[in-house]
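Just model38.txt here, compact mmCIF, C-alpha atoms and all ligand atoms:
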# COMPACT_ATOMS: atom_id res chain seq x y z
CA MET X 1 -0.26 -65.16 -8.34
CA GLY X 2 -3.31 -66.88 -9.74
CA THR X 3 -4.81 -66.39 -13.16
CA PRO X 4 -3.52 -63.57 -15.30
CA GLY X 5 -5.82 -60.60 -15.70
CA HIS X 6 -7.60 -58.41 -13.22
CA ASP X 7 -9.75 -60.90 -11.29
CA SER X 8 -6.82 -62.09 -9.22
CA ASP X 9 -6.50 -58.52 -7.97
CA LEU X 10 -9.91 -58.63 -6.33
CA LEU X 11 -8.94 -60.59 -3.24
CA GLN X 12 -6.97 -58.04 -1.26
CA PRO X 13 -9.30 -55.09 -1.90
CA LEU X 14 -12.26 -57.35 -1.05
CA LEU X 15 -10.71 -58.31 2.28
CA ASP X 16 -9.83 -54.65 2.89
CA GLY X 17 -13.49 -53.71 2.55
CA ASP X 18 -13.43 -52.13 -0.90
CA ARG X 19 -17.07 -52.08 -2.03
CA ARG X 20 -16.35 -52.06 -5.75
CA ALA X 21 -14.19 -55.13 -5.32
CA LEU X 22 -17.01 -56.69 -3.32
CA ALA X 23 -19.57 -56.07 -6.06
CA ARG X 24 -17.23 -57.46 -8.69
CA SER X 25 -16.39 -60.47 -6.54
CA LEU X 26 -20.07 -61.31 -6.17
CA THR X 27 -20.56 -61.08 -9.92
CA LEU X 28 -17.53 -63.26 -10.52
CA VAL X 29 -18.70 -65.93 -8.10
CA GLU X 30 -22.31 -65.87 -9.30
CA SER X 31 -21.29 -66.20 -12.93
CA ARG X 32 -18.59 -68.77 -12.18
CA GLY X 33 -16.25 -66.53 -14.16
CA PRO X 34 -12.53 -67.13 -14.65
CA GLY X 35 -10.73 -67.15 -11.33
CA PHE X 36 -13.80 -67.70 -9.14
CA ARG X 37 -12.26 -70.77 -7.53
CA ASN X 38 -9.11 -68.83 -6.73
CA LEU X 39 -11.13 -66.10 -5.11
CA LEU X 40 -13.12 -68.53 -2.97
CA ARG X 41 -9.90 -70.28 -2.02
CA GLY X 42 -8.41 -66.92 -1.02
CA ILE X 43 -11.25 -65.95 1.28
CA ALA X 44 -11.59 -69.38 2.90
CA PRO X 45 -9.31 -68.57 5.87
CA ARG X 46 -11.25 -65.36 6.55
CA LEU X 47 -14.75 -66.73 7.05
CA GLY X 48 -16.87 -66.92 10.16
CA ARG X 49 -17.15 -63.33 11.27
CA ALA X 50 -20.64 -62.47 10.04
CA HIS X 51 -23.88 -63.63 11.59
CA ARG X 52 -25.85 -65.11 8.68
CA VAL X 53 -29.54 -64.47 9.10
CA GLY X 54 -32.29 -65.59 6.74
CA VAL X 55 -35.52 -63.60 6.56
CA THR X 56 -38.54 -65.24 5.03
CA GLY X 57 -42.32 -65.27 5.11
CA ALA X 58 -45.29 -65.05 2.78
CA PRO X 59 -45.49 -62.24 0.20
CA GLY X 60 -46.45 -58.92 1.72
CA VAL X 61 -45.75 -59.68 5.38
CA GLY X 62 -43.16 -56.91 5.37
CA LYS X 63 -39.85 -58.71 4.90
CA SER X 64 -38.21 -55.93 2.91
CA SER X 65 -39.60 -53.27 5.22
CA LEU X 66 -38.34 -55.09 8.29
CA VAL X 67 -34.96 -55.67 6.66
CA ALA X 68 -34.74 -51.91 6.01
CA ALA X 69 -35.70 -51.22 9.63
CA LEU X 70 -33.09 -53.70 10.88
CA VAL X 71 -30.47 -52.05 8.69
CA ALA X 72 -31.22 -48.66 10.22
CA THR X 73 -31.20 -50.06 13.76
CA ALA X 74 -28.01 -52.03 13.21
CA ARG X 75 -26.28 -48.92 11.84
CA ASN X 76 -27.37 -46.95 14.91
CA ASN X 77 -25.69 -49.64 16.96
CA GLY X 78 -22.48 -49.36 14.96
CA MET X 79 -22.90 -52.70 13.20
CA SER X 80 -22.12 -53.11 9.52
CA ILE X 81 -24.78 -54.96 7.57
CA ALA X 82 -25.22 -56.55 4.17
CA VAL X 83 -28.51 -57.54 2.55
CA LEU X 84 -28.82 -60.27 -0.04
CA ALA X 85 -32.22 -60.44 -1.72
CA VAL X 86 -32.76 -63.80 -3.37
CA ASP X 87 -35.42 -63.99 -6.02
CA PRO X 88 -35.72 -67.41 -7.60
CA THR X 89 -38.34 -66.36 -10.11
CA SER X 90 -36.80 -63.36 -11.74
CA PRO X 91 -34.14 -63.86 -14.41
CA PHE X 92 -32.99 -60.31 -13.77
CA THR X 93 -33.51 -57.72 -11.08
CA GLY X 94 -37.27 -57.72 -10.92
CA GLY X 95 -39.67 -55.04 -9.83
CA ALA X 96 -40.03 -56.18 -6.23
CA LEU X 97 -36.30 -56.19 -5.66
CA LEU X 98 -35.95 -52.82 -7.28
CA GLY X 99 -38.52 -51.60 -4.79
CA ASP X 100 -36.46 -53.12 -2.00
CA ARG X 101 -33.49 -51.14 -3.16
CA VAL X 102 -35.36 -47.89 -3.27
CA ARG X 103 -36.15 -48.27 0.41
CA MET X 104 -32.43 -48.48 1.07
CA THR X 105 -31.65 -45.09 -0.43
CA ASP X 106 -31.30 -43.66 3.10
CA HIS X 107 -27.98 -45.46 3.26
CA VAL X 108 -26.46 -44.40 -0.03
CA GLY X 109 -22.83 -43.52 0.57
CA ASP X 110 -22.73 -45.44 3.85
CA GLU X 111 -19.91 -47.97 3.64
CA GLY X 112 -21.47 -49.94 6.48
CA VAL X 113 -24.46 -50.98 4.35
CA PHE X 114 -24.38 -53.09 1.24
CA VAL X 115 -27.40 -54.34 -0.71
CA ARG X 116 -27.34 -56.89 -3.45
CA SER X 117 -30.03 -58.81 -5.25
CA MET X 118 -29.43 -62.20 -6.69
CA ALA X 119 -31.57 -63.51 -9.49
CA SER X 120 -30.93 -67.11 -8.79
CA ARG X 121 -32.59 -68.63 -11.80
CA GLY X 122 -29.55 -67.67 -13.82
CA ALA X 123 -27.12 -68.73 -11.12
CA LEU X 124 -24.91 -71.55 -12.30
CA GLY X 125 -24.56 -74.45 -9.94
CA GLY X 126 -27.94 -74.01 -8.32
CA LEU X 127 -29.48 -71.73 -5.79
CA SER X 128 -27.99 -72.96 -2.56
CA THR X 129 -24.50 -73.10 -4.02
CA ALA X 130 -24.84 -69.57 -5.37
CA THR X 131 -26.25 -68.29 -2.09
CA GLY X 132 -23.60 -70.02 0.00
CA ASP X 133 -20.80 -68.62 -2.15
CA ALA X 134 -22.28 -65.11 -2.08
CA LEU X 135 -22.62 -65.28 1.71
CA ASP X 136 -18.99 -66.31 1.98
CA VAL X 137 -17.91 -63.33 -0.12
CA LEU X 138 -20.00 -60.96 2.02
CA ASP X 139 -18.61 -62.55 5.18
CA ALA X 140 -15.03 -62.09 3.95
CA ALA X 141 -15.82 -58.44 3.25
CA GLY X 142 -16.20 -58.00 7.01
CA PHE X 143 -19.89 -57.40 7.68
CA ASP X 144 -21.18 -58.04 11.19
CA LEU X 145 -24.58 -59.10 9.99
CA ILE X 146 -25.84 -60.48 6.67
CA LEU X 147 -29.58 -60.62 6.06
CA THR X 148 -30.83 -62.83 3.24
CA GLU X 149 -34.40 -62.10 2.16
CA THR X 150 -36.26 -64.80 0.25
CA VAL X 151 -39.76 -64.70 -1.16
CA GLY X 152 -41.44 -67.20 1.11
CA ALA X 153 -42.23 -69.59 -1.71
CA GLY X 154 -41.33 -72.83 0.01
CA GLN X 155 -38.37 -74.95 -0.98
CA VAL X 156 -36.14 -72.00 -1.85
CA ASP X 157 -36.62 -70.55 1.60
CA VAL X 158 -35.78 -73.83 3.25
CA GLU X 159 -32.62 -74.07 1.15
CA VAL X 160 -31.60 -70.55 2.09
CA ALA X 161 -32.40 -71.31 5.72
CA HIS X 162 -29.86 -74.08 5.55
CA GLU X 163 -27.27 -71.52 4.50
CA SER X 164 -28.18 -69.34 7.48
CA GLU X 165 -27.27 -69.57 11.15
CA THR X 166 -30.49 -67.98 12.23
CA THR X 167 -33.79 -67.97 10.37
CA LEU X 168 -36.59 -65.49 10.93
CA VAL X 169 -40.02 -66.45 9.68
CA LEU X 170 -42.37 -63.49 9.41
CA PHE X 171 -46.10 -63.30 9.81
CA ALA X 172 -48.48 -60.40 9.64
CA PRO X 173 -52.17 -59.78 10.07
CA GLY X 174 -54.05 -60.08 6.81
CA ALA X 175 -51.07 -61.46 4.90
CA GLY X 176 -49.54 -64.87 4.96
CA ASP X 177 -50.80 -67.95 6.61
CA ALA X 178 -49.17 -69.77 9.49
CA ILE X 179 -50.55 -73.09 8.35
CA GLN X 180 -49.12 -72.61 4.86
CA ALA X 181 -45.71 -71.94 6.35
CA MET X 182 -46.08 -75.13 8.40
CA LYS X 183 -46.72 -77.11 5.24
CA SER X 184 -43.73 -75.82 3.38
CA GLY X 185 -41.45 -76.87 6.21
CA LEU X 186 -40.56 -73.31 7.09
CA MET X 187 -41.73 -73.57 10.66
CA GLU X 188 -39.20 -76.29 11.35
CA VAL X 189 -36.28 -74.18 10.20
CA ALA X 190 -37.34 -71.05 12.09
CA ASP X 191 -35.30 -69.90 15.06
CA LEU X 192 -37.34 -66.78 15.71
CA TRP X 193 -40.90 -66.10 14.64
CA VAL X 194 -41.71 -62.49 13.93
CA VAL X 195 -45.19 -61.05 13.86
CA ASN X 196 -44.76 -57.86 11.86
CA LYS X 197 -47.26 -55.01 11.45
CA ALA X 198 -47.64 -54.83 15.22
CA ASP X 199 -49.18 -51.40 14.65
CA ASP X 200 -52.20 -53.27 13.28
CA VAL X 201 -54.74 -54.11 16.00
CA ARG X 202 -55.04 -57.69 14.71
CA ALA X 203 -51.35 -58.43 15.33
CA GLU X 204 -51.85 -59.57 18.91
CA LYS X 205 -54.32 -62.22 17.78
CA VAL X 206 -51.87 -63.44 15.11
CA ARG X 207 -49.23 -63.69 17.83
CA ALA X 208 -51.50 -65.63 20.17
CA ASP X 209 -52.59 -68.02 17.39
CA LEU X 210 -49.00 -68.55 16.38
CA VAL X 211 -47.88 -69.33 19.92
CA GLY X 212 -50.86 -71.67 20.16
CA SER X 213 -49.99 -73.66 17.06
CA LEU X 214 -46.27 -73.63 17.80
CA SER X 215 -46.82 -75.06 21.25
CA LEU X 216 -48.00 -78.28 19.59
CA HIS X 217 -44.52 -78.79 18.13
CA GLU X 218 -42.04 -76.74 20.11
CA PRO X 219 -40.87 -77.00 23.71
CA PRO X 220 -42.97 -74.45 25.57
CA ASP X 221 -40.26 -72.98 27.83
CA ASP X 222 -38.84 -70.26 25.60
CA LEU X 223 -41.64 -70.07 23.07
CA GLU X 224 -42.96 -66.66 24.12
CA GLU X 225 -39.39 -65.35 23.95
CA ARG X 226 -38.92 -66.62 20.42
CA VAL X 227 -42.02 -64.95 19.05
CA VAL X 228 -41.27 -61.28 18.49
CA LEU X 229 -43.70 -58.49 17.63
CA THR X 230 -42.35 -55.79 15.33
CA SER X 231 -43.59 -52.89 13.32
CA ALA X 232 -41.40 -52.00 10.39
CA LYS X 233 -43.66 -48.99 9.99
CA ASP X 234 -43.13 -47.31 13.36
CA GLY X 235 -39.99 -49.21 14.38
CA SER X 236 -41.40 -50.76 17.54
CA GLY X 237 -39.87 -54.09 18.49
CA VAL X 238 -37.09 -53.79 15.91
CA GLY X 239 -34.45 -53.00 18.54
CA ASP X 240 -35.68 -55.95 20.59
CA LEU X 241 -35.39 -58.20 17.54
CA LEU X 242 -31.83 -57.03 16.86
CA GLU X 243 -30.95 -57.68 20.51
CA LYS X 244 -32.34 -61.19 20.22
CA LEU X 245 -30.28 -61.75 17.09
CA CYS X 246 -27.12 -60.59 18.87
CA ALA X 247 -27.92 -62.72 21.92
CA ARG X 248 -28.46 -65.75 19.73
CA ARG X 249 -25.19 -65.18 17.95
CA ALA X 250 -23.36 -65.02 21.32
CA GLU X 251 -25.16 -68.13 22.52
CA LEU X 252 -24.29 -70.08 19.35
CA GLU X 253 -20.68 -69.06 19.81
CA SER X 254 -20.38 -69.93 23.50
CA SER X 255 -22.23 -73.23 23.26
CA GLY X 256 -20.18 -74.44 20.31
CA ALA X 257 -23.37 -74.80 18.25
CA ARG X 258 -22.03 -72.28 15.76
CA GLY X 259 -19.26 -74.67 14.75
CA ASP X 260 -21.77 -77.49 14.36
CA LEU X 261 -23.94 -75.31 12.15
CA ALA X 262 -20.94 -74.46 10.00
CA ARG X 263 -20.09 -78.14 9.62
CA GLY X 264 -23.67 -78.92 8.62
CA ARG X 265 -23.60 -76.17 6.00
CA ILE X 266 -20.28 -77.34 4.65
CA ARG X 267 -21.52 -80.91 4.40
CA ARG X 268 -24.48 -79.76 2.30
CA ARG X 269 -22.36 -77.53 0.12
CA LEU X 270 -19.79 -80.21 -0.39
CA THR X 271 -22.50 -82.60 -1.50
CA ALA X 272 -23.90 -80.00 -3.90
CA ALA X 273 -20.47 -79.12 -5.27
CA ALA X 274 -19.63 -82.78 -5.84
CA ARG X 275 -22.99 -83.30 -7.55
CA ASP X 276 -22.28 -80.33 -9.82
CA LEU X 277 -18.96 -81.81 -10.82
CA VAL X 278 -20.57 -85.14 -11.63
CA SER X 279 -23.26 -83.37 -13.68
CA GLU X 280 -20.60 -81.52 -15.62
CA ARG X 281 -18.91 -84.81 -16.44
CA LEU X 282 -22.19 -86.29 -17.57
CA LEU X 283 -22.44 -83.52 -20.13
CA GLY X 284 -19.01 -84.40 -21.46
CA SER X 285 -18.32 -86.86 -24.22
CA ALA X 286 -16.92 -89.42 -21.78
CA ALA X 287 -20.49 -90.04 -20.71
CA ASP X 288 -21.45 -91.26 -24.20
CA SER X 289 -19.27 -94.34 -24.05
CA LEU X 290 -20.59 -95.12 -20.57
CA ILE X 291 -24.15 -94.79 -21.81
CA ASP X 292 -23.32 -97.10 -24.70
CA ALA X 293 -21.88 -99.60 -22.24
CA VAL X 294 -25.12 -99.56 -20.25
CA VAL X 295 -27.24 -99.81 -23.43
CA THR X 296 -25.33 -102.88 -24.58
CA GLY X 297 -25.58 -104.46 -21.15
CA GLU X 298 -21.84 -104.34 -20.59
CA ARG X 299 -22.19 -102.24 -17.42
CA SER X 300 -25.01 -101.58 -15.01
CA VAL X 301 -26.10 -98.00 -14.33
CA HIS X 302 -24.54 -98.22 -10.89
CA ASP X 303 -21.22 -99.45 -12.19
CA ALA X 304 -21.22 -96.70 -14.80
CA ALA X 305 -21.90 -94.13 -12.07
CA GLU X 306 -18.85 -95.34 -10.19
CA ASP X 307 -16.86 -95.11 -13.42
CA ILE X 308 -17.81 -91.43 -13.70
CA LEU X 309 -16.36 -90.75 -10.26
CA ARG X 310 -13.15 -92.45 -11.30
CA THR X 311 -12.89 -90.44 -14.53
CA ASP X 312 -9.91 -88.10 -14.57
CA ASP X 313 -11.12 -84.53 -15.05
CA GLY X 314 -8.13 -83.74 -17.25
CA GLY X 315 -6.72 -81.23 -14.80
CA ARG X 316 -9.57 -78.82 -15.46
CA SER X 317 -9.62 -77.36 -11.97
N1 LIG V 401 -48.94 -51.22 8.82
C1 LIG V 401 -47.78 -51.78 8.49
N2 LIG V 401 -47.50 -52.00 7.19
C2 LIG V 401 -46.31 -52.56 6.89
C3 LIG V 401 -45.37 -52.92 7.88
N3 LIG V 401 -44.30 -53.48 7.28
C4 LIG V 401 -44.57 -53.47 5.95
N4 LIG V 401 -45.77 -52.92 5.72
C5 LIG V 401 -46.43 -52.72 4.41
O1 LIG V 401 -46.73 -54.00 3.86
C6 LIG V 401 -46.54 -53.99 2.45
C7 LIG V 401 -45.56 -55.07 2.06
O2 LIG V 401 -44.28 -54.77 2.58
P1 LIG V 401 -42.95 -55.40 2.02
O3 LIG V 401 -41.87 -54.97 2.95
O4 LIG V 401 -42.77 -55.08 0.58
O5 LIG V 401 -43.27 -56.93 2.17
P2 LIG V 401 -42.45 -58.17 1.64
O6 LIG V 401 -42.73 -59.27 2.57
O7 LIG V 401 -41.03 -57.80 1.42
O8 LIG V 401 -43.14 -58.44 0.26
P3 LIG V 401 -42.60 -59.32 -0.97
O9 LIG V 401 -41.13 -59.01 -1.16
O10 LIG V 401 -43.43 -58.90 -2.11
O11 LIG V 401 -42.84 -60.75 -0.59
C8 LIG V 401 -46.05 -52.59 2.10
O12 LIG V 401 -47.16 -51.85 1.68
C9 LIG V 401 -45.51 -52.06 3.41
O13 LIG V 401 -45.57 -50.67 3.50
C10 LIG V 401 -45.71 -52.65 9.25
O14 LIG V 401 -44.95 -52.93 10.19
N5 LIG V 401 -46.93 -52.09 9.48
MG MG V 402 -39.75 -57.97 -0.29
Show how you would write the structure in this file as C-alpha cells.
Ligand SMILES: Nc1nc2c(ncn2[C@@H]2O[C@H](COP(=O)(O)OP(=O)(O)OP(=O)(O)O)[C@@H](O)[C@H]2O)c(=O)[nH]1
Ligand SMILES: [Mg+2]
Amino acid sequence: MGTPGHDSDLLQPLLDGDRRALARSLTLVESRGPGFRNLLRGIAPRLGRAHRVGVTGAPGVGKSSLVAALVATARNNGMSIAVLAVDPTSPFTGGALLGDRVRMTDHVGDEGVFVRSMASRGALGGLSTATGDALDVLDAAGFDLILTETVGAGQVDVEVAHESETTLVLFAPGAGDAIQAMKSGLMEVADLWVVNKADDVRAEKVRADLVGSLSLHEPPDDLEERVVLTSAKDGSGVGDLLEKLCARRAELESSGARGDLARGRIRRRLTAAARDLVSERLLGSAADSLIDAVVTGERSVHDAAEDILRTDDGGRS
C-alpha cells in the first residue's frame, strides 16, 4: 500500500517502537519527503498517548540540564520519554544542541529515551507545523512523555507552547528576567513556573518575586503550588516537578480539558496547513493570470483570493 519504495514501510515499525524507523520518520516528515502525508495519515488513529510538555525560559536558566534531570527521573519511574530540542536560529545542529546531546549520553542504548534536535529554520511549512508533525510522530512511537525545549526567544516559544499540553517556564537566579518573559507573552502560556538552580541561595528570592508578580495576573489560590523550585544540579525538586506533571496530565484527562486542548491545537494546525497550501498555489503559474487580472482591474484582490481557493490542485495530494 501507499507509495512505492521504502518509506511506506516505516509505519508499522514506527508504531512497534523501532527507533531507527522513528528517526527516519522524523526526517521524512521534517523534509516533507515523498510519502510524508501517507505516514501522517497512518499514525493519525494512534495519537493522544503522550503528554506533550514544552520547556522554555531565557538562555542559561538550565532548560537542558533540567530536561536531562527529568529524563533520569522519568526513567526511574518507568516512564518512556522523548526530547525534542527546537532551535530556530541554527540551520543545522548547532553547538548548544550538541551540548544538550552530550548530557544525554547516560541513556545511550536505553530504548526508553529518545533525543532529537530540530533545526527549524530549514523546516518546510514553518516552525509550528514542523513541531506539531514531529510531536505526532513521537506520540505514535509510544512515549509517555515528550519534552520540547525551546530557546526562550519569544514568539517561537509561544508557538511551541501552543503545540504543548503543558508549558513550563523556567527562571533562575542571575539568568533570565521575569519581566522579559512577561513581555514576550510567555507568562500567559505557562502552566507551571519553575525556579531552577534552587541550590543557589538567591533562588528563594527569585521565587518570592515571581509569586509576587504573578499574583497581579493569576488567581492566587493555587499559585504557590504552580511555582516549583528545582535544582538540575543536585536533583532536588525534580521528582516533585515530575509528580506535578503527572497530576496535571491526569487532571486534564478527567476534566475533559485535554480534548479541548487537542481541538485548539488542531484548529491552529489546520489553519497553518491551509495557509501553506494557498502559499504553494501562489507560487504556481496559475497565480500569474490572477495577478494580471488584478493589475488590469478585472478582479479585486479579495475576489482573486477566493479564486485561488477554488483552483483545482490538479490532484497533487
Ligand atoms: N548551580 C546550578 N547550575 C545549574 C543548574 N542547572 C543548570 N545549571 C548550569 O547553568 C548553565 C546553563 O545550563 P543549561 O542547561 O545549558 O541552560 P539552558 O537554559 O539549556 O541554556 P540554553 O540552551 O543556552 O538557553 C550550565 O553551566 C549548567 O551547568 C542548577 O540547578 N544549579
Ligand atoms: Mg539548552
> How many Å separate atom CA of X:Asp87 from atom CA of X:Leu39?
Replying inline: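 Between atom CA of X:Asp87 and atom CA of X:Leu39 the gap is 24.4 Å.
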Proximity of chain X to ligand LIG 401 (chain V): per-residue shortest pair, 10 Å limit, only C-alpha atoms and all ligand atoms, as a tab-separated table:
residue	atom	partner	partner_atom	distance
X:Val55	CA	V:LIG401	O6	9.3
X:Thr56	CA	V:LIG401	O6	7.7
X:Gly57	CA	V:LIG401	O6	6.5
X:Ala58	CA	V:LIG401	O11	6.0
X:Pro59	CA	V:LIG401	O11	3.1
X:Gly60	CA	V:LIG401	O8	3.6
X:Val61	CA	V:LIG401	O6	4.1
X:Gly62	CA	V:LIG401	O5	3.2
X:Lys63	CA	V:LIG401	O6	3.7
X:Ser64	CA	V:LIG401	O7	3.7
X:Ser65	CA	V:LIG401	O3	3.6
X:Leu66	CA	V:LIG401	N3	6.3
X:Val67	CA	V:LIG401	O3	7.9
X:Ala68	CA	V:LIG401	O3	8.3
X:Ala69	CA	V:LIG401	N3	9.2
X:Ala85	CA	V:LIG401	O9	9.0
X:Val86	CA	V:LIG401	O9	9.9
X:Asp87	CA	V:LIG401	O9	9.0
X:Gly95	CA	V:LIG401	O10	9.4
X:Ala96	CA	V:LIG401	O9	5.9
X:Leu97	CA	V:LIG401	O9	7.2
X:Gly99	CA	V:LIG401	O4	7.7
X:Asp100	CA	V:LIG401	O4	7.1
X:Arg103	CA	V:LIG401	O3	9.2
X:Glu149	CA	V:LIG401	O7	7.9
X:Thr150	CA	V:LIG401	O9	7.7
X:Val151	CA	V:LIG401	O11	5.0
X:Gly152	CA	V:LIG401	O11	6.8
X:Ala153	CA	V:LIG401	O11	8.9
X:Leu170	CA	V:LIG401	O6	8.0
X:Phe171	CA	V:LIG401	O6	8.9
X:Ala172	CA	V:LIG401	C10	8.2
X:Pro173	CA	V:LIG401	N1	9.2
X:Gly174	CA	V:LIG401	O1	10.0
X:Ala175	CA	V:LIG401	O1	8.7
X:Gly176	CA	V:LIG401	O6	9.1
X:Val195	CA	V:LIG401	O14	8.9
X:Asn196	CA	V:LIG401	O14	5.2
X:Lys197	CA	V:LIG401	O14	3.4
X:Ala198	CA	V:LIG401	O14	6.0
X:Asp199	CA	V:LIG401	N5	5.7
X:Asp200	CA	V:LIG401	N1	5.9
X:Val201	CA	V:LIG401	N1	9.7
X:Ala203	CA	V:LIG401	N5	9.7
X:Leu229	CA	V:LIG401	O14	9.4
X:Thr230	CA	V:LIG401	O14	6.4
X:Ser231	CA	V:LIG401	O14	3.4
X:Ala232	CA	V:LIG401	O14	3.7
X:Lys233	CA	V:LIG401	O14	4.2
X:Asp234	CA	V:LIG401	O14	6.7
X:Gly235	CA	V:LIG401	O14	7.5
X:Ser236	CA	V:LIG401	O14	8.4
X:Gly237	CA	V:LIG401	O14	9.8
X:Val238	CA	V:LIG401	O14	9.8
>> When you count only C-alpha atoms, which of these residues is closest to X:Arg310: X:Ala286, X:Leu40, X:Leu135, X:Ala262?
In response: X:Ala286
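When only C-alpha atoms are used to compute distances to X:Arg265, the closest of the residues X:His162, X:Arg46, X:His107, X:Arg52 turns out to be X:His162.
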> Expressed in Å to a single decimal, how great is the separation between atom CA of X:Arg226 and atom CA of X:Leu192?
Replying inline: 5.0 Å
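Pairwise distance (atom CA of X:Arg24, atom CA of X:Arg41) equals 16.2 Å.
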>> What's around X:Cys246 at 12 Å? Count only C-alpha atoms, leave out sequence neighbours fewer than 5 positions away in its own chain, and write the answer as a list of chain:residue names.
In response: X:Ala50, X:His51, X:Arg52, X:Val53, X:Ala74, X:Asn77, X:Met79, X:Asp144, X:Leu145, X:Glu165, X:Thr166, X:Gly239, X:Asp240, X:Leu241, X:Glu251, X:Leu252, X:Glu253
Taking C-alpha atoms for each residue, export the selection above as a PDB file, in the coordinates of the input.
ATOM      1  CA  ALA X  50     -20.640 -62.470  10.040  1.00  0.00           C
ATOM      2  CA  HIS X  51     -23.880 -63.630  11.590  1.00  0.00           C
ATOM      3  CA  ARG X  52     -25.850 -65.110   8.680  1.00  0.00           C
ATOM      4  CA  VAL X  53     -29.540 -64.470   9.100  1.00  0.00           C
ATOM      5  CA  ALA X  74     -28.010 -52.030  13.210  1.00  0.00           C
ATOM      6  CA  ASN X  77     -25.690 -49.640  16.960  1.00  0.00           C
ATOM      7  CA  MET X  79     -22.900 -52.700  13.200  1.00  0.00           C
ATOM      8  CA  ASP X 144     -21.180 -58.040  11.190  1.00  0.00           C
ATOM      9  CA  LEU X 145     -24.580 -59.100   9.990  1.00  0.00           C
ATOM     10  CA  GLU X 165     -27.270 -69.570  11.150  1.00  0.00           C
ATOM     11  CA  THR X 166     -30.490 -67.980  12.230  1.00  0.00           C
ATOM     12  CA  GLY X 239     -34.450 -53.000  18.540  1.00  0.00           C
ATOM     13  CA  ASP X 240     -35.680 -55.950  20.590  1.00  0.00           C
ATOM     14  CA  LEU X 241     -35.390 -58.200  17.540  1.00  0.00           C
ATOM     15  CA  GLU X 251     -25.160 -68.130  22.520  1.00  0.00           C
ATOM     16  CA  LEU X 252     -24.290 -70.080  19.350  1.00  0.00           C
ATOM     17  CA  GLU X 253     -20.680 -69.060  19.810  1.00  0.00           C
TER      18      GLU X 253
END
> Mind listing as a list in words all residues within 8 Å of (-47.9, -66.0, 15.4), counting all atoms listed in the file?
Replying inline: Phe171, Ala178, Trp193, Val194, Val195, Lys205, Val206, Arg207, Ala208, Asp209, Leu210, Val211, Gly212 and Val227 of chain X
Using only C-alpha atoms, which protein or nucleic acid residues come within 9 Å of stretch 289-299 of chain X? Drop anything in the same chain fewer than 6 positions from it, and give the result as a CSV table (one decimal) with C-alpha atoms, in the frame of the given file.
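Once everything was written out, this is out28.csv:
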chain,number,residue,atom,x,y,z
X,305,ALA,CA,-21.9,-94.1,-12.1
X,307,ASP,CA,-16.9,-95.1,-13.4
X,308,ILE,CA,-17.8,-91.4,-13.7
